[in-house]
Structure formats: C-alpha cells, structure tokens
>>> print(open('run20.csv').read())   # CSV, C-alpha atoms
chain,number,residue,atom,x,y,z
A,1,MET,CA,130.0,79.1,103.0
A,2,THR,CA,129.9,82.8,103.5
A,3,ASN,CA,128.7,84.7,106.5
A,4,LYS,CA,126.9,87.2,104.4
A,5,LEU,CA,123.8,88.8,106.0
A,6,ALA,CA,121.0,89.7,103.7
A,7,LEU,CA,117.5,91.1,104.0
A,8,ALA,CA,115.0,92.1,101.3
A,9,ILE,CA,111.4,93.4,101.6
A,10,HIS,CA,108.4,94.3,99.5
A,11,GLY,CA,105.3,96.4,100.1
A,12,GLY,CA,103.3,95.6,97.0
A,13,ALA,CA,103.5,95.6,93.2
A,14,GLY,CA,101.4,96.9,90.3
A,15,THR,CA,100.9,100.1,88.3
A,16,ILE,CA,103.1,102.4,90.2
A,17,ALA,CA,104.4,105.2,88.0
A,18,ARG,CA,106.2,108.4,88.9
A,19,ALA,CA,103.2,110.4,87.8
A,20,THR,CA,100.9,108.6,90.1
A,21,LEU,CA,102.6,109.5,93.4
A,22,THR,CA,103.0,112.9,95.0
A,23,SER,CA,106.4,113.8,96.3
A,24,GLU,CA,105.1,113.6,99.8
A,25,ALA,CA,103.6,110.2,99.3
A,26,GLU,CA,106.9,108.9,97.8
A,27,ILE,CA,108.8,110.1,100.7
A,28,ALA,CA,106.4,108.4,103.1
A,29,TYR,CA,106.6,105.1,101.3
A,30,ARG,CA,110.4,105.2,101.1
A,31,ALA,CA,110.7,106.1,104.8
A,32,ALA,CA,108.4,103.2,105.8
A,33,LEU,CA,110.4,100.7,103.7
A,34,GLN,CA,113.6,102.0,105.1
A,35,THR,CA,112.3,101.6,108.7
A,36,ALA,CA,111.3,98.0,108.0
A,37,LEU,CA,114.7,97.2,106.6
A,38,GLU,CA,116.5,98.8,109.5
A,39,VAL,CA,114.3,96.9,112.0
A,40,GLY,CA,114.8,93.6,110.4
A,41,TYR,CA,118.5,94.0,109.7
A,42,ALA,CA,119.2,95.0,113.3
A,43,VAL,CA,118.2,91.5,114.3
A,44,LEU,CA,120.7,90.0,111.8
A,45,THR,CA,123.6,92.3,112.9
A,46,ALA,CA,123.0,91.3,116.5
A,47,GLY,CA,123.4,87.7,115.5
A,48,GLY,CA,119.7,86.9,115.5
A,49,PRO,CA,118.0,84.3,113.3
A,50,ALA,CA,116.6,85.0,109.9
A,51,LEU,CA,113.2,83.9,111.2
A,52,GLU,CA,113.1,86.8,113.7
A,53,ALA,CA,114.4,89.3,111.2
A,54,VAL,CA,111.6,88.6,108.6
A,55,GLU,CA,109.0,88.6,111.3
A,56,MET,CA,110.1,92.0,112.7
A,57,ALA,CA,110.4,93.6,109.2
A,58,VAL,CA,106.9,92.4,108.3
A,59,ARG,CA,105.5,93.6,111.7
A,60,SER,CA,106.9,97.0,110.9
A,61,LEU,CA,105.0,97.1,107.6
A,62,GLU,CA,101.8,95.7,109.1
A,63,ASP,CA,101.8,98.6,111.6
A,64,CYS,CA,102.0,101.1,108.7
A,65,PRO,CA,98.6,102.1,107.1
A,66,LEU,CA,100.3,102.7,103.8
A,67,PHE,CA,100.3,99.0,103.0
A,68,ASN,CA,97.5,96.4,102.6
A,69,ALA,CA,98.4,94.3,105.7
A,70,GLY,CA,97.6,94.6,109.4
A,71,ARG,CA,96.5,98.2,110.2
A,72,GLY,CA,96.2,99.1,106.5
A,73,ALA,CA,94.2,96.0,105.4
A,74,VAL,CA,91.4,96.5,102.8
A,75,PHE,CA,87.7,95.8,103.4
A,76,THR,CA,85.8,92.7,102.4
A,77,HIS,CA,82.4,92.8,100.7
A,78,GLU,CA,80.8,92.6,104.1
A,79,GLY,CA,82.7,95.6,105.4
A,80,HIS,CA,85.3,93.9,107.7
A,81,HIS,CA,88.9,92.8,107.4
A,82,GLU,CA,90.2,89.3,106.7
A,83,MET,CA,93.9,89.1,106.9
A,84,ASP,CA,96.3,86.4,105.9
A,85,ALA,CA,100.0,85.7,106.8
A,86,ALA,CA,102.6,83.0,106.5
A,87,ILE,CA,106.1,82.4,107.8
A,88,MET,CA,108.6,79.7,106.9
A,89,ASP,CA,112.0,78.5,108.4
A,90,GLY,CA,114.5,77.4,105.8
A,91,ARG,CA,116.4,75.2,108.2
A,92,ASN,CA,113.7,72.5,108.4
A,93,ARG,CA,110.9,73.9,106.2
A,94,ALA,CA,108.7,74.4,109.3
A,95,ALA,CA,105.9,76.8,108.5
A,96,GLY,CA,102.9,78.5,110.0
A,97,ALA,CA,100.1,80.4,108.4
A,98,VAL,CA,96.8,82.0,109.2
A,99,THR,CA,93.9,83.2,107.0
A,100,GLY,CA,90.9,85.4,107.6
A,101,VAL,CA,92.0,86.7,111.0
A,102,ARG,CA,90.1,89.7,112.1
A,103,THR,CA,91.4,91.0,115.4
A,104,VAL,CA,95.1,90.1,115.6
A,105,GLN,CA,97.2,93.3,115.5
A,106,ASN,CA,100.0,91.6,113.7
A,107,PRO,CA,98.9,88.5,111.6
A,108,ILE,CA,102.5,87.5,111.0
A,109,ARG,CA,102.8,86.9,114.8
A,110,ALA,CA,99.8,84.6,114.6
A,111,ALA,CA,101.4,82.7,111.8
A,112,ARG,CA,104.6,82.3,113.8
A,113,LEU,CA,102.5,81.1,116.7
A,114,VAL,CA,100.9,78.4,114.5
A,115,MET,CA,104.4,77.2,113.5
A,116,ASP,CA,105.8,77.2,117.1
A,117,LYS,CA,102.9,76.2,119.2
A,118,THR,CA,100.8,73.8,117.2
A,119,GLU,CA,101.2,70.7,115.0
A,120,HIS,CA,99.5,72.5,112.1
A,121,VAL,CA,100.6,74.7,109.2
A,122,LEU,CA,97.5,76.7,108.3
A,123,LEU,CA,94.7,77.9,110.6
A,124,ALA,CA,91.6,79.9,109.6
A,125,TRP,CA,89.3,82.3,111.4
A,126,PRO,CA,87.8,82.0,113.9
A,127,GLY,CA,90.2,79.4,115.3
A,128,ALA,CA,93.3,81.4,114.4
A,129,ASP,CA,92.0,84.4,116.3
A,130,GLU,CA,91.2,82.2,119.3
A,131,LEU,CA,94.7,80.7,119.3
A,132,ALA,CA,96.2,84.2,119.3
A,133,ARG,CA,94.0,85.3,122.2
A,134,GLU,CA,94.9,82.2,124.2
A,135,HIS,CA,98.6,82.9,123.8
A,136,GLY,CA,98.3,86.6,124.6
A,137,LEU,CA,99.0,88.2,121.2
A,138,PRO,CA,97.9,91.8,121.0
A,139,THR,CA,94.4,92.1,119.5
A,140,GLN,CA,92.6,95.3,118.4
A,141,PRO,CA,89.0,96.4,117.9
A,142,VAL,CA,87.7,96.9,114.4
A,143,GLU,CA,88.3,100.7,114.7
A,144,TYR,CA,92.1,100.1,114.8
A,145,PHE,CA,92.0,98.6,111.3
A,146,PHE,CA,89.7,101.3,109.8
A,147,THR,CA,91.2,103.8,107.4
A,148,GLN,CA,89.0,106.2,105.4
A,149,HIS,CA,91.0,105.5,102.3
A,150,ARG,CA,90.3,101.8,102.4
A,151,TYR,CA,86.6,102.4,103.2
A,152,ASP,CA,86.3,104.7,100.2
A,153,GLN,CA,87.9,102.0,98.1
A,154,LEU,CA,85.2,99.5,99.2
A,155,GLN,CA,82.4,101.9,98.3
A,156,GLU,CA,83.8,102.4,94.9
A,157,ALA,CA,84.3,98.6,94.4
A,158,LEU,CA,80.7,98.0,95.6
A,159,THR,CA,79.4,100.5,93.1
A,160,GLU,CA,81.4,98.9,90.3
A,161,GLY,CA,80.4,95.5,91.4
A,162,ARG,CA,83.9,94.0,91.3
A,163,MET,CA,86.8,93.2,93.4
A,164,ARG,CA,90.0,95.3,93.4
A,165,LEU,CA,93.4,93.9,93.3
A,166,ASP,CA,94.8,97.1,94.7
A,167,HIS,CA,94.7,99.2,97.8
A,168,SER,CA,94.5,102.5,96.0
A,169,THR,CA,91.6,104.6,94.8
A,170,SER,CA,90.8,107.4,92.4
A,171,LEU,CA,91.1,110.1,95.1
A,172,GLN,CA,92.9,113.2,94.0
A,173,ALA,CA,96.6,113.8,94.5
A,174,GLU,CA,95.9,116.7,96.9
A,175,ALA,CA,94.2,114.4,99.4
A,176,PRO,CA,95.8,115.0,102.8
A,177,LEU,CA,98.7,112.9,103.9
A,178,ALA,CA,97.0,112.3,107.2
A,179,GLU,CA,95.4,109.4,105.4
A,180,PRO,CA,98.7,108.0,104.0
A,181,GLY,CA,97.1,105.6,101.6
A,182,ALA,CA,94.9,108.3,100.1
A,183,ILE,CA,97.3,109.2,97.4
A,184,ASN,CA,96.7,109.5,93.7
A,185,GLU,CA,97.7,106.1,92.4
A,186,ASP,CA,96.3,103.9,89.6
A,187,PRO,CA,92.9,102.8,90.7
A,188,LYS,CA,93.1,99.3,89.1
A,189,LYS,CA,96.5,97.8,89.6
A,190,LYS,CA,98.3,98.0,92.9
A,191,MET,CA,98.8,95.0,95.1
A,192,GLY,CA,99.7,95.8,98.6
A,193,THR,CA,100.9,92.6,100.2
A,194,VAL,CA,104.0,92.9,102.3
A,195,GLY,CA,106.8,90.5,102.8
A,196,ALA,CA,110.5,89.8,103.7
A,197,VAL,CA,113.2,87.3,103.2
A,198,ALA,CA,116.5,87.0,105.0
A,199,ARG,CA,119.8,85.1,105.4
A,200,ASP,CA,121.5,85.2,108.9
A,201,ILE,CA,125.0,84.7,110.0
A,202,ASN,CA,124.6,81.0,110.3
A,203,GLY,CA,123.4,80.8,106.6
A,204,ASP,CA,119.8,80.1,107.6
A,205,LEU,CA,117.0,81.4,105.4
A,206,ALA,CA,113.5,82.5,106.2
A,207,ALA,CA,110.5,84.1,104.5
A,208,ALA,CA,107.4,85.9,105.7
A,209,THR,CA,104.3,87.4,103.9
A,210,SER,CA,101.2,89.3,105.1
A,211,THR,CA,98.2,90.7,103.3
A,212,GLY,CA,94.7,92.1,103.7
A,213,GLY,CA,93.7,90.5,100.4
A,214,MET,CA,91.4,92.0,97.8
A,215,THR,CA,89.0,94.9,98.4
A,216,ASN,CA,85.4,93.7,98.2
A,217,LYS,CA,86.4,90.0,98.3
A,218,GLN,CA,83.6,87.6,99.1
A,219,TYR,CA,83.1,84.0,100.3
A,220,SER,CA,86.2,84.0,102.5
A,221,ARG,CA,88.5,84.2,99.4
A,222,ILE,CA,92.1,83.2,100.1
A,223,GLY,CA,95.1,84.2,97.9
A,224,ASP,CA,98.6,83.0,97.6
A,225,SER,CA,100.2,84.8,100.6
A,226,PRO,CA,99.4,82.2,103.3
A,227,ILE,CA,99.9,79.2,101.0
A,228,ILE,CA,103.3,77.6,101.5
A,229,GLY,CA,104.9,77.1,98.1
A,230,ALA,CA,102.8,79.6,96.3
A,231,GLY,CA,103.3,83.0,98.0
A,232,THR,CA,105.8,82.0,100.7
A,233,PHE,CA,108.6,79.5,100.8
A,234,ALA,CA,112.1,78.9,102.4
A,235,ASP,CA,114.6,76.2,102.1
A,236,ASN,CA,118.3,76.6,103.2
A,237,ARG,CA,119.4,74.5,100.2
A,238,THR,CA,118.0,76.9,97.7
A,239,CYS,CA,116.2,80.2,98.5
A,240,ALA,CA,113.6,82.1,100.5
A,241,ILE,CA,110.7,83.7,98.6
A,242,SER,CA,107.9,86.2,99.4
A,243,CYS,CA,105.5,87.1,96.6
A,244,THR,CA,103.1,90.0,95.9
A,245,GLY,CA,100.6,90.2,93.1
A,246,HIS,CA,97.4,88.7,91.7
A,247,GLY,CA,97.1,85.7,94.1
A,248,GLU,CA,95.1,83.4,91.9
A,249,PHE,CA,97.9,83.3,89.3
A,250,PHE,CA,100.6,82.9,91.9
A,251,LEU,CA,98.6,79.9,93.3
A,252,ARG,CA,98.2,78.3,89.9
A,253,ALA,CA,101.8,78.7,89.1
A,254,VAL,CA,103.1,77.7,92.5
A,255,VAL,CA,105.5,80.5,92.1
A,256,ALA,CA,107.7,80.4,95.2
A,257,HIS,CA,108.3,76.6,95.1
A,258,ASP,CA,108.8,76.6,91.4
A,259,ILE,CA,111.8,79.0,91.8
A,260,SER,CA,113.3,76.7,94.4
A,261,CYS,CA,112.8,73.7,92.2
A,262,LEU,CA,114.5,75.3,89.2
A,263,MET,CA,117.5,76.0,91.5
A,264,GLU,CA,117.5,72.5,93.0
A,265,TYR,CA,116.8,70.4,90.0
A,266,ARG,CA,118.2,72.4,87.1
A,267,GLY,CA,121.0,74.2,88.9
A,268,LEU,CA,119.8,77.7,87.9
A,269,SER,CA,121.0,80.7,89.8
A,270,LEU,CA,118.6,82.7,91.9
A,271,ALA,CA,118.4,85.5,89.4
A,272,GLU,CA,117.8,83.2,86.4
A,273,ALA,CA,115.2,81.1,88.3
A,274,CYS,CA,113.3,84.2,89.3
A,275,ARG,CA,113.4,85.5,85.7
A,276,VAL,CA,112.1,82.3,84.3
A,277,VAL,CA,109.1,82.1,86.7
A,278,VAL,CA,108.2,85.8,86.9
A,279,HIS,CA,108.6,86.7,83.2
A,280,ASP,CA,108.5,83.5,81.2
A,281,LYS,CA,105.9,81.5,83.2
A,282,LEU,CA,103.8,83.9,85.2
A,283,ALA,CA,103.4,86.9,82.8
A,284,PRO,CA,102.1,84.9,79.9
A,285,MET,CA,99.4,83.5,82.2
A,286,GLY,CA,98.3,87.1,83.0
A,287,GLY,CA,99.8,87.0,86.4
A,288,GLU,CA,101.1,90.5,87.4
A,289,GLY,CA,103.3,91.1,90.4
A,290,GLY,CA,106.7,90.3,91.8
A,291,LEU,CA,108.7,88.9,94.7
A,292,VAL,CA,111.7,89.3,96.8
A,293,ALA,CA,114.2,86.4,97.1
A,294,VAL,CA,117.5,85.5,98.8
A,295,ASP,CA,119.6,82.4,98.2
A,296,ALA,CA,121.9,80.2,100.3
A,297,LEU,CA,124.9,82.5,99.5
A,298,GLY,CA,123.1,85.7,100.4
A,299,ASN,CA,122.4,86.8,96.8
A,300,VAL,CA,119.3,88.9,96.6
A,301,ALA,CA,116.7,89.2,93.7
A,302,LEU,CA,113.7,91.6,93.5
A,303,PRO,CA,112.0,90.8,90.1
A,304,PHE,CA,108.6,92.0,89.0
A,305,ASN,CA,106.7,92.1,85.8
A,306,SER,CA,104.4,95.1,86.7
A,307,GLU,CA,105.1,98.7,86.3
A,308,GLY,CA,106.5,99.1,89.8
A,309,MET,CA,107.0,97.4,93.1
A,310,TYR,CA,107.7,98.9,96.6
A,311,ARG,CA,110.9,97.1,97.5
A,312,GLY,CA,114.2,97.4,99.3
A,313,SER,CA,117.3,95.4,100.4
A,314,LEU,CA,120.3,95.6,102.7
A,315,THR,CA,123.2,93.2,102.9
A,316,SER,CA,126.6,93.0,104.6
A,317,THR,CA,128.2,93.7,101.3
A,318,SER,CA,125.8,96.4,99.9
A,319,ASP,CA,124.2,99.5,101.1
A,320,LEU,CA,120.5,99.9,102.0
A,321,VAL,CA,118.5,100.6,98.9
A,322,VAL,CA,114.8,101.4,98.4
A,323,HIS,CA,113.0,101.4,95.1
A,324,ILE,CA,109.5,102.0,93.8
A,325,TYR,CA,109.6,102.3,90.1
A,326,LYS,CA,111.4,100.4,87.3
A,327,GLU,CA,115.0,101.5,87.3
>>> encode(input="run20.csv", output="structure tokens")
Amino acid sequence: MTNKLALAIHGGAGTIARATLTSEAEIAYRAALQTALEVGYAVLTAGGPALEAVEMAVRSLEDCPLFNAGRGAVFTHEGHHEMDAAIMDGRNRAAGAVTGVRTVQNPIRAARLVMDKTEHVLLAWPGADELAREHGLPTQPVEYFFTQHRYDQLQEALTEGRMRLDHSTSLQAEAPLAEPGAINEDPKKKMGTVGAVARDINGDLAAATSTGGMTNKQYSRIGDSPIIGAGTFADNRTCAISCTGHGEFFLRAVVAHDISCLMEYRGLSLAEACRVVVHDKLAPMGGEGGLVAVDALGNVALPFNSEGMYRGSLTSTSDLVVHIYKE
C-alpha cells in the first residue's frame, strides 16, 4: 500500500466553452479552485484525515459566490434557498447528509454533524437547520445568500416557466466582476454543484458534495448530491466519488455506487469504471455532467461528458492542476 496523498475537486459541469467566459472570469474561477485545493491539501500534508480535507475544500467553495453552493446558492420558485450536502467516510461507510437547509452558512458542516452526532444519515429542513443551531454551527440571514446574479436567474426562469439546471444567466460579458457569477456563460447548461474526494496518508478515502440545486425548483425537489450512492460515495476498498450534473439522471443511474461496484465486482480500474458509467451508461440516458474520483491507490479521475467542468487535483506525485474546458 502506498502513502500517496490525493485530492480532487469540482465546481460544476455543463456547457462551459472558452468563448463563454471573459478572461477576468476565468482567472476568478481558477483562483477559487486553486484556493480550495490548497486548503484541503494542507490538511493532508499535515497528516490529517481525508474526511477533514474534503470538508475543508468544500467549505472553501461554499464560501465563494461563484459556485452554486452555500453563499452562491440559486433561488427556488418561492424565492429562497434550499441547500443540500453530503459527506462520506471510506473507512466504515459512515455518512451524513442534509437537504433543503436554509440558514446554515456551510451545509457540508451540517452534513458532517449528522454523521458524527446522530444515528441518522439524511436530515431535511427544518430539522437539519435546528440540529445545526443546537450544535452552534454558524448560521446566516437570508441576505448573506443573496446575489443579484442568482436573483436575475430566478426572474428569467419564472418568465420562461421552467427550472434551470445552471447557475448562469444571459447577462452580458461586460457585467461587473463585483458580481462574480454574473459572467457571460451558456444560459441553459451549467451545473454548479461543488465537491471533493481525497486519500490521506493512512490510505483512507472520503467524499463530500454540496449544492444549491436548480433555479426555480419547486415542491422541495432533491437531486443526487445528498443521496449516498448517487451523487456521493466513499469506500476504502474501491473509491471515493463526488458528482455534478443533472441530478435526476445521476439518481436513476446510481452513478457513484455503480462505479464502485464495477471496480469491486468486475475488477475495473478507476479510470475504466468512470468511463463506462459517465460515457456508456449516463450519456445515452441524457444525463449530462461529470465527477471527481480517487481510488485506494491514490489514482485520480475527473471524467465528464459535458462541454466543460470546473475541476482540479493535487497529489503527492503530481503538481496542482486546474482545468475548465475539455483539454
């Protein structure tokens, strides 16, 4: 067994072409991804557990309004925020998740709280918010989660009478960077879920995922992110997975667990198992998106079937890399 350290993150997948981002926006996204990688990897180099590394990396992305998670979460049909998150420990498959939280500054911390302090796996609003308050997690007023860009998206979606899978809008490229999300991107296909996977010095794996869901979503819709085995999964014997994309398809395909099963039962490598699920199974169903993954040896995979995916990785045998487009 190797002592290889590895961390991989994502910040959303979809139609992300070079022509759709200003140079300023691209710099901002790359800087945010790099910061999250550095924050998470610092935990690993200090000998910390993979579980803490993925939590810290995701918290960094939740605090950045560029991404559809935490502070940058999109609006629901009713005009508020319903945020989901999940975390999983590959050592014993312990897991915690929350859905629909409205006031917790970092939903991934609430998911960790469910795993560590309760006998449950998944808690929904309002109970999940109540648990967070009881244990002193930082909460924020609704103004904290408000961004003009996300609000404008909601107004467009309400006018169109549909949900949006993205956290982008048709605002012009010259929109001020003061609203970091207000950047000329494809108005239809950009999924902003964030996530991280890691392997620590002990060979333990962990995964974490956080999202604001869909703009204009109704009826307390829940996607794949907080569902163990669909959008989030970790098992030391195989891999750790965090997904991003059209959640309904990832739920139906049980994407994260399917990759683990292909490795465990068919002996496929991480790269091959990811390819089969993302390209051969998910894509024909109409499921667009991608994921980040790490296996028991510290190998990393970042596959996607969309035009682009905000992603990055850093290991003890490879340099920090951040990518947005297809390479």
>>> atom_distance(input="run20.csv", atom1="CA of His80 in chain A", atom2="CA of Ala230 in chain A")
25.3 Å
>>> residues_around(input="run20.csv", residues="Thr103 in chain A", least_positions_apart="4", cutoff="9 Å", atoms="all atoms listed in the file", output="compact mmCIF listing (two decimals) with C-alpha atoms, in the coordinates of the input")
# COMPACT_ATOMS: atom_id res chain seq x y z
CA HIS A 81 88.90 92.80 107.40
CA GLU A 82 90.20 89.30 106.70
CA PRO A 107 98.90 88.50 111.60
CA ASP A 129 92.00 84.40 116.30
CA PRO A 138 97.90 91.80 121.00
CA THR A 139 94.40 92.10 119.50
CA GLN A 140 92.60 95.30 118.40
CA PRO A 141 89.00 96.40 117.90
CA VAL A 142 87.70 96.90 114.40
CA PHE A 145 92.00 98.60 111.30
>>> closest_residue(input="run20.csv", among="A:Asn299, A:Ser225, A:Asn305, A:Ser220", to="Ala283 in chain A", atoms="all atoms listed in the file")
A:Asn305
>>> closest_residue(input="run20.csv", among="A:Thr22, A:Asn92, A:Ser316, A:Thr211", to="Val74 in chain A", atoms="all atoms listed in the file")
A:Thr211
>>> residues_around(input="run20.csv", residues="Ala50 in chain A", least_positions_apart="5", cutoff="6 Å", atoms="only C-alpha atoms", output="MDAnalysis selection string")
chainID A and resid 198:200 205:206
>>> write_last_selection(input="run20.csv", atoms="C-alpha atoms", output="short mmCIF file (atom, residue, chain, number, x, y, z; two decimals), in the coordinates of the input")
data_model
loop_
_atom_site.label_atom_id
_atom_site.label_comp_id
_atom_site.auth_asym_id
_atom_site.auth_seq_id
_atom_site.Cartn_x
_atom_site.Cartn_y
_atom_site.Cartn_z
CA ALA A 198 116.50 87.00 105.00
CA ARG A 199 119.80 85.10 105.40
CA ASP A 200 121.50 85.20 108.90
CA LEU A 205 117.00 81.40 105.40
CA ALA A 206 113.50 82.50 106.20
#
>>> residues_near_point(input="run20.csv", point="(106.8, 79.4, 102.7)", cutoff="7 Å", atoms="only C-alpha atoms", output="PyMOL selection string")
chain A and resi 86-88+95+207+228-229+231-234
>>> atom_distance(input="run20.csv", atom1="CA of Ser260 in chain A", atom2="CA of Cys239 in chain A")
6.1 Å
>>> residues_around(input="run20.csv", residues="Val101 in chain A", least_positions_apart="6", cutoff="10 Å", atoms="only C-alpha atoms", output="MDAnalysis selection string")
chainID A and resid 70 81:85 107 110 123:130 132 212
>>> closest_residue(input="run20.csv", among="A:Val54, A:Leu251, A:Leu66, A:Leu154", to="Ala42 in chain A", atoms="all atoms listed in the file")
A:Val54
>>> atom_distance(input="run20.csv", atom1="CA of Phe67 in chain A", atom2="CA of His323 in chain A")
15.1 Å
>>> residues_around(input="run20.csv", residues="Ala13 in chain A", least_positions_apart="2", cutoff="7 Å", atoms="only C-alpha atoms", output="VMD selection string")
chain A and resid 190 to 192 244 to 245 289 to 290 306 308 to 310
>>> closest_residue(input="run20.csv", among="A:Leu314, A:Val254, A:Gln153, A:Asp295", to="Gly90 in chain A", atoms="all atoms listed in the file")
A:Asp295
>>> closest_residue(input="run20.csv", among="A:Ile201, A:Ala296, A:Leu291, A:Leu158", to="Gly14 in chain A", atoms="all atoms listed in the file")
A:Leu291
>>> residues_around(input="run20.csv", residues="Val322 in chain A", least_positions_apart="2", cutoff="10 Å", atoms="all atoms listed in the file", output="PyMOL selection string")
chain A and resi 8-10+29-34+37+310-314+319-320+324-325
